[in-house]
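Text of structure-v2.tsv, listed as TSV, C-alpha atoms:
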```
chain	number	residue	atom	x	y	z
P	127	MET	CA	-34.60	25.53	-15.80
P	128	LYS	CA	-31.99	22.94	-14.83
P	129	ARG	CA	-29.22	24.37	-12.69
P	130	ASN	CA	-25.55	24.01	-13.51
P	131	TYR	CA	-24.11	23.26	-10.07
P	132	GLY	CA	-20.56	23.11	-11.40
P	133	LYS	CA	-20.78	26.70	-12.64
P	134	GLU	CA	-22.18	27.71	-9.26
P	135	THR	CA	-19.14	26.15	-7.56
P	136	ASP	CA	-16.82	28.05	-9.90
P	137	LYS	CA	-18.61	31.33	-9.22
P	138	ILE	CA	-18.10	30.93	-5.47
P	139	ILE	CA	-14.44	29.97	-5.98
P	140	GLN	CA	-13.84	33.06	-8.12
P	141	SER	CA	-15.08	35.27	-5.28
P	142	ILE	CA	-12.56	33.86	-2.78
P	143	SER	CA	-9.53	35.93	-1.82
P	144	ALA	CA	-6.21	34.07	-1.80
P	145	ASP	CA	-5.37	35.91	1.43
P	146	ASN	CA	-8.51	34.83	3.25
P	147	LYS	CA	-9.41	31.25	2.39
P	148	PRO	CA	-12.67	30.06	3.98
P	149	THR	CA	-12.95	26.80	5.88
P	150	LEU	CA	-14.78	23.89	4.28
P	151	LEU	CA	-16.07	20.72	5.91
P	152	LEU	CA	-16.01	18.11	3.16
P	153	HIS	CA	-18.06	14.99	3.78
P	154	SER	CA	-16.29	12.09	2.07
P	155	CYS	CA	-17.63	8.64	1.29
P	156	CYS	CA	-14.23	7.18	0.31
P	157	ALA	CA	-10.70	8.10	-0.77
P	158	PRO	CA	-11.27	7.67	-4.55
P	159	CYS	CA	-14.23	10.07	-4.52
P	160	SER	CA	-12.33	12.61	-2.43
P	161	SER	CA	-9.23	12.51	-4.63
P	162	TYR	CA	-10.31	14.86	-7.41
P	163	VAL	CA	-12.43	16.96	-5.06
P	164	LEU	CA	-9.41	17.71	-2.87
P	165	GLU	CA	-7.27	18.42	-5.90
P	166	TYR	CA	-9.93	20.82	-7.20
P	167	LEU	CA	-10.85	22.62	-3.97
P	168	SER	CA	-7.67	22.67	-1.86
P	169	PRO	CA	-6.23	25.78	-3.58
P	170	TYR	CA	-9.28	27.78	-2.46
P	171	PHE	CA	-10.38	26.36	0.92
P	172	ARG	CA	-8.85	25.17	4.17
P	173	ILE	CA	-10.43	21.73	4.19
P	174	THR	CA	-11.35	19.22	6.86
P	175	VAL	CA	-12.43	15.88	5.46
P	176	LEU	CA	-15.24	14.41	7.54
P	177	TYR	CA	-15.80	10.68	7.41
P	178	TYR	CA	-19.35	9.86	8.45
P	179	ASN	CA	-20.80	6.86	6.64
P	180	PRO	CA	-22.99	4.72	8.91
P	181	ASN	CA	-24.31	2.96	5.81
P	182	ILE	CA	-21.04	1.08	5.16
P	183	PHE	CA	-21.21	-2.69	5.60
P	184	PRO	CA	-19.50	-4.72	6.95
P	185	GLU	CA	-17.38	-3.10	9.66
P	186	GLU	CA	-14.16	-4.32	8.04
P	187	GLU	CA	-15.11	-2.40	4.90
P	188	TYR	CA	-15.81	0.69	6.97
P	189	ILE	CA	-12.39	0.54	8.64
P	190	HIS	CA	-10.63	-0.15	5.33
P	191	ARG	CA	-12.20	2.93	3.73
P	192	ILE	CA	-11.23	5.14	6.67
P	193	ASN	CA	-7.62	3.98	6.49
P	194	GLU	CA	-7.49	4.61	2.74
P	195	GLU	CA	-8.91	8.10	3.24
P	196	LYS	CA	-6.27	8.95	5.84
P	197	ARG	CA	-3.50	7.55	3.65
P	198	PHE	CA	-4.63	9.51	0.63
P	199	ILE	CA	-4.81	12.80	2.54
P	200	ARG	CA	-1.31	12.24	3.90
P	201	GLU	CA	0.25	11.23	0.57
P	202	PHE	CA	-1.62	13.88	-1.44
P	203	SER	CA	-0.50	16.59	0.99
P	204	GLU	CA	3.12	15.42	0.91
P	205	LYS	CA	3.21	15.15	-2.88
P	206	ASN	CA	1.75	18.63	-3.34
P	207	GLY	CA	3.87	20.30	-0.67
P	208	LEU	CA	0.93	21.29	1.48
P	209	PRO	CA	1.68	22.38	5.07
P	210	GLU	CA	0.96	19.77	7.73
P	211	GLY	CA	-2.68	20.02	8.76
P	212	TYR	CA	-3.71	22.13	5.75
P	213	ILE	CA	-6.06	19.27	4.89
P	214	SER	CA	-7.19	17.67	8.13
P	215	PHE	CA	-9.30	14.61	8.90
P	216	ALA	CA	-12.21	14.11	11.28
P	217	GLN	CA	-14.66	11.30	11.79
P	218	ILE	CA	-17.91	10.50	13.53
P	219	GLY	CA	-18.41	6.93	14.75
P	220	TRP	CA	-19.91	4.18	12.63
P	221	GLU	CA	-23.47	4.50	14.08
P	222	SER	CA	-24.84	1.83	11.74
P	223	GLU	CA	-28.05	1.65	13.75
P	224	LYS	CA	-28.89	5.19	12.62
P	225	PHE	CA	-28.64	4.12	8.99
P	226	TYR	CA	-30.99	1.16	9.45
P	227	GLU	CA	-33.43	3.34	11.34
P	228	ALA	CA	-33.34	6.01	8.61
P	229	VAL	CA	-34.05	3.56	5.76
P	230	LYS	CA	-36.57	1.39	7.58
P	231	GLY	CA	-39.35	0.45	5.17
P	232	TYR	CA	-37.19	1.23	2.13
P	233	GLU	CA	-34.95	-1.83	2.29
P	234	ASN	CA	-36.21	-3.27	-1.00
P	235	ILE	CA	-36.07	-0.05	-3.00
P	236	PRO	CA	-33.45	-0.36	-5.79
P	237	GLU	CA	-30.24	1.58	-5.44
P	238	GLY	CA	-30.61	5.18	-6.58
P	239	GLY	CA	-34.12	5.61	-5.18
P	240	GLU	CA	-35.74	6.85	-2.00
P	241	ARG	CA	-33.58	4.67	0.28
P	242	CYS	CA	-30.49	6.45	-1.03
P	243	PHE	CA	-32.15	9.84	-0.54
P	244	LYS	CA	-32.75	8.99	3.13
P	245	CYS	CA	-29.08	8.04	3.39
P	246	TYR	CA	-27.96	11.29	1.74
P	247	ARG	CA	-29.90	13.30	4.30
P	248	LEU	CA	-28.59	11.29	7.25
P	249	ARG	CA	-24.98	11.89	6.27
P	250	LEU	CA	-25.42	15.51	5.20
P	251	GLU	CA	-27.30	16.43	8.36
P	252	ALA	CA	-24.52	15.00	10.52
P	253	THR	CA	-22.07	16.99	8.40
P	254	VAL	CA	-23.86	20.32	8.73
P	255	LYS	CA	-24.28	19.80	12.48
P	256	TYR	CA	-20.53	19.22	12.80
P	257	ALA	CA	-19.88	22.26	10.63
P	258	LYS	CA	-22.14	24.38	12.85
P	259	GLU	CA	-20.55	23.13	16.07
P	260	HIS	CA	-17.03	23.80	14.79
P	261	SER	CA	-17.73	27.12	13.03
P	262	PHE	CA	-16.95	26.11	9.44
P	263	ASP	CA	-17.72	28.61	6.71
P	264	TYR	CA	-19.01	25.99	4.24
P	265	PHE	CA	-19.95	22.33	4.03
P	266	THR	CA	-20.40	19.98	1.08
P	267	THR	CA	-19.98	16.34	0.04
P	268	THR	CA	-17.91	14.31	-2.41
P	269	LEU	CA	-20.97	12.22	-3.31
P	270	THR	CA	-21.81	14.28	-6.40
P	271	ILE	CA	-18.69	12.95	-8.14
P	272	SER	CA	-20.33	9.55	-8.61
P	273	PRO	CA	-22.38	8.94	-11.78
P	274	MET	CA	-24.50	6.65	-9.59
P	275	LYS	CA	-25.54	9.45	-7.22
P	276	ASN	CA	-28.31	11.99	-7.79
P	277	ALA	CA	-26.50	15.34	-7.78
P	278	GLU	CA	-29.73	17.34	-7.95
P	279	LYS	CA	-31.14	15.60	-4.86
P	280	LEU	CA	-27.85	15.98	-2.99
P	281	ASN	CA	-27.76	19.71	-3.70
P	282	GLU	CA	-31.42	20.16	-2.79
P	283	THR	CA	-30.82	18.37	0.51
P	284	GLY	CA	-27.65	20.33	1.23
P	285	GLU	CA	-29.37	23.65	0.56
P	286	GLU	CA	-32.35	22.73	2.73
P	287	LEU	CA	-30.06	21.83	5.62
P	288	SER	CA	-28.04	24.99	5.04
P	289	GLY	CA	-31.19	27.00	5.67
P	290	ILE	CA	-32.04	25.05	8.80
P	291	TYR	CA	-28.60	25.22	10.42
P	292	ASN	CA	-27.38	28.53	8.97
P	293	VAL	CA	-24.14	27.17	7.47
P	294	LYS	CA	-23.32	27.92	3.84
P	295	PHE	CA	-23.55	24.96	1.47
P	296	LEU	CA	-21.12	24.68	-1.42
P	297	PRO	CA	-23.15	23.45	-4.42
P	298	SER	CA	-21.42	20.92	-6.64
P	299	ASP	CA	-21.54	18.40	-9.41
P	300	PHE	CA	-17.97	17.16	-9.15
P	301	LYS	CA	-18.30	14.54	-11.89
P	302	LYS	CA	-18.57	17.34	-14.47
P	303	LYS	CA	-15.58	18.72	-16.39
P	304	GLY	CA	-13.96	15.28	-16.32
P	305	GLY	CA	-14.04	15.08	-12.53
P	306	PHE	CA	-15.04	11.42	-12.32
P	307	LEU	CA	-12.43	10.44	-14.91
P	308	ARG	CA	-9.78	12.39	-13.01
P	309	SER	CA	-10.74	10.57	-9.81
P	310	THR	CA	-10.07	7.23	-11.52
P	311	GLU	CA	-6.67	8.52	-12.70
P	312	LEU	CA	-5.75	9.68	-9.21
P	313	SER	CA	-6.92	6.35	-7.78
P	314	ARG	CA	-4.44	4.56	-10.05
P	315	GLU	CA	-1.71	7.07	-9.27
P	316	TYR	CA	-2.06	6.59	-5.52
P	317	GLY	CA	-3.00	2.91	-5.65
P	318	LEU	CA	-6.32	3.53	-3.93
P	319	TYR	CA	-8.77	0.79	-3.08
P	320	ARG	CA	-11.86	1.25	-5.26
P	321	GLN	CA	-14.85	-0.66	-3.92
P	322	ASP	CA	-17.28	-2.24	-6.38
P	323	TYR	CA	-20.47	-1.44	-4.46
P	324	CYS	CA	-21.81	1.74	-2.89
P	325	GLY	CA	-21.24	0.54	0.65
P	326	CYS	CA	-24.47	-0.53	2.33
P	327	VAL	CA	-25.65	-4.09	2.83
P	328	PHE	CA	-28.39	-3.58	0.24
P	329	SER	CA	-26.03	-2.39	-2.49
P	330	LYS	CA	-23.69	-5.24	-1.60
P	331	LYS	CA	-26.54	-7.70	-2.10
P	332	GLU	CA	-27.36	-6.15	-5.49
P	333	ARG	CA	-23.68	-6.48	-6.44
P	334	ASP	CA	-23.58	-10.12	-5.29
P	335	ASP	CA	-26.77	-10.91	-7.23
P	336	ARG	CA	-25.33	-9.41	-10.42
P	337	ILE	CA	-22.19	-11.52	-10.03
P	338	ALA	CA	-24.26	-14.66	-9.43
P	339	ARG	CA	-26.26	-14.04	-12.63
P	340	SER	CA	-23.23	-13.41	-14.80
```

Rewritten as structure tokens:
Amino acid sequence: MKRNYGKETDKIIQSISADNKPTLLLHSCCAPCSSYVLEYLSPYFRITVLYYNPNIFPEEEYIHRINEEKRFIREFSEKNGLPEGYISFAQIGWESEKFYEAVKGYENIPEGGERCFKCYRLRLEATVKYAKEHSFDYFTTTLTISPMKNAEKLNETGEELSGIYNVKFLPSDFKKKGGFLRSTELSREYGLYRQDYCGCVFSKKERDDRIARS
């Protein structure tokens, strides 16, 4: 039976006491994807957004996405009257060599396949390790908001890592209930940079090839 990860998220949220909000380490791939997720989850969790995306290419793109993430957190917090530091930001270095090592042998696999699954695990494992080291109650990722990402595989990977590292994983399928549409609305509202490729050199090449053929 196919699981409804969105309902599982809601069930966990409903069990949370307003007087004792748990901490959540939220892996984010970019500001647009984090926009709706922060809007949705910030009433229930004390959130730290973790930026760890060694797949991003080139370095200028990586830096641009970090700066947009920081700007969005600041402006979103100010607009919604959140106390300073209620949503915080953390990052792990670029570490692009770890991405290329993780996907070695899968370079020619089309986007959405096994190469992406290797990338999911790389980023989620770094996230759960950080969550363990800093005593977070939960960890999760914004990646399930994208229609291009495999939510089932992301949740399977997150739950596996949760068992290994003993940190609770927040299941999700953030694109449901209009989540992806809301992220596009928030992107327009805040003037966020929305990239037109996933981020890695391989997805960039696929994007460039599509443009060349059109």

**Request:** Find the residues around stretch 208-218 of chain P up to 10 Å (all atoms listed in the file counted), leave out those fewer than 2 positions away in its own chain, and share them as a PyMOL selection string.
**Result:** chain P and resi 150-154+164+168-169+171-180+192+195-196+199-200+202-206+220-221+252-253+256

**Request:** Please measure the separation of atom CA of P:Tyr188 and atom CA of P:Ile337, giving the value in Å to one decimal.
**Result:**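 Going from atom CA of P:Tyr188 over to atom CA of P:Ile337, I get 21.9 Å.
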
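Counting from atom CA of P:Ile138, the distance to atom CA of P:Lys275 is 22.8 Å.
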
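Excluding P:Glu282 and any residue on its chain fewer than 4 positions from it, the residues at most 12 Å away by all atoms listed in the file are Arg129, Tyr131, Phe243, Tyr246, Arg247, Leu250, Thr266, Thr270, Asn276, Ala277, Glu278, Glu286, Leu287, Ser288, Gly289, Phe295, Leu296, Pro297 and Ser298 of chain P.
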
**Message:** Ranking P:Ser160, P:Asn181, P:Asn146, P:Asn130 by minimum distance to P:Cys326 and counting only C-alpha atoms, which one comes first?
**Reply:**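 Among P:Ser160, P:Asn181, P:Asn146, P:Asn130, it is P:Asn181 that comes nearest to P:Cys326.
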
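Considering only C-alpha atoms, the residue among P:Ser313, P:Gly305, P:Phe262, P:Thr268 positioned nearest to P:Pro148 is P:Phe262.
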
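Of the listed residues P:Tyr170, P:Thr310, P:Phe265, P:Val163, the one whose atoms come nearest to P:Glu285 is P:Phe265, with distances taken using all atoms listed in the file.
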
**Request:** Please measure the separation of atom CA of P:Lys303 and atom CA of P:Lys147, giving the value in Å to one decimal.
**Result:**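 Here the two named atoms are 23.4 Å from each other.
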
**Request:** Compare P:Ser261, P:Ser340, P:Thr149, P:Ser272 by their minimum atom-to-atom distance to P:Lys302, counting all atoms listed in the file, and give me the closest one.
**Result:**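 Closest candidate: P:Ser272.
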
**Request:** Pull the neighbourhood of (-25.6, -1.3, 10.3) for me: all residues within 7 Å in file coordinates, counting only C-alpha atoms, as JSON, numbers by chain.
**Result:** {"P": [180, 181, 183, 222, 223, 225, 226]}

**Request:** Compare P:Ile182, P:Cys156, P:Val327, P:Cys245 by their minimum atom-to-atom distance to P:Leu280, counting all atoms listed in the file, and give me the closest one.
**Result:**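 Result for the nearest residue to P:Leu280: P:Cys245.
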
**Asked** Out of P:Leu318, P:Leu167, P:Val254, P:Val229, which residue has the shortest atom-to-atom distance to P:Lys294 when counting only C-alpha atoms?
**Response**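 Counting only C-alpha atoms, the residue closest to P:Lys294 is P:Val254.
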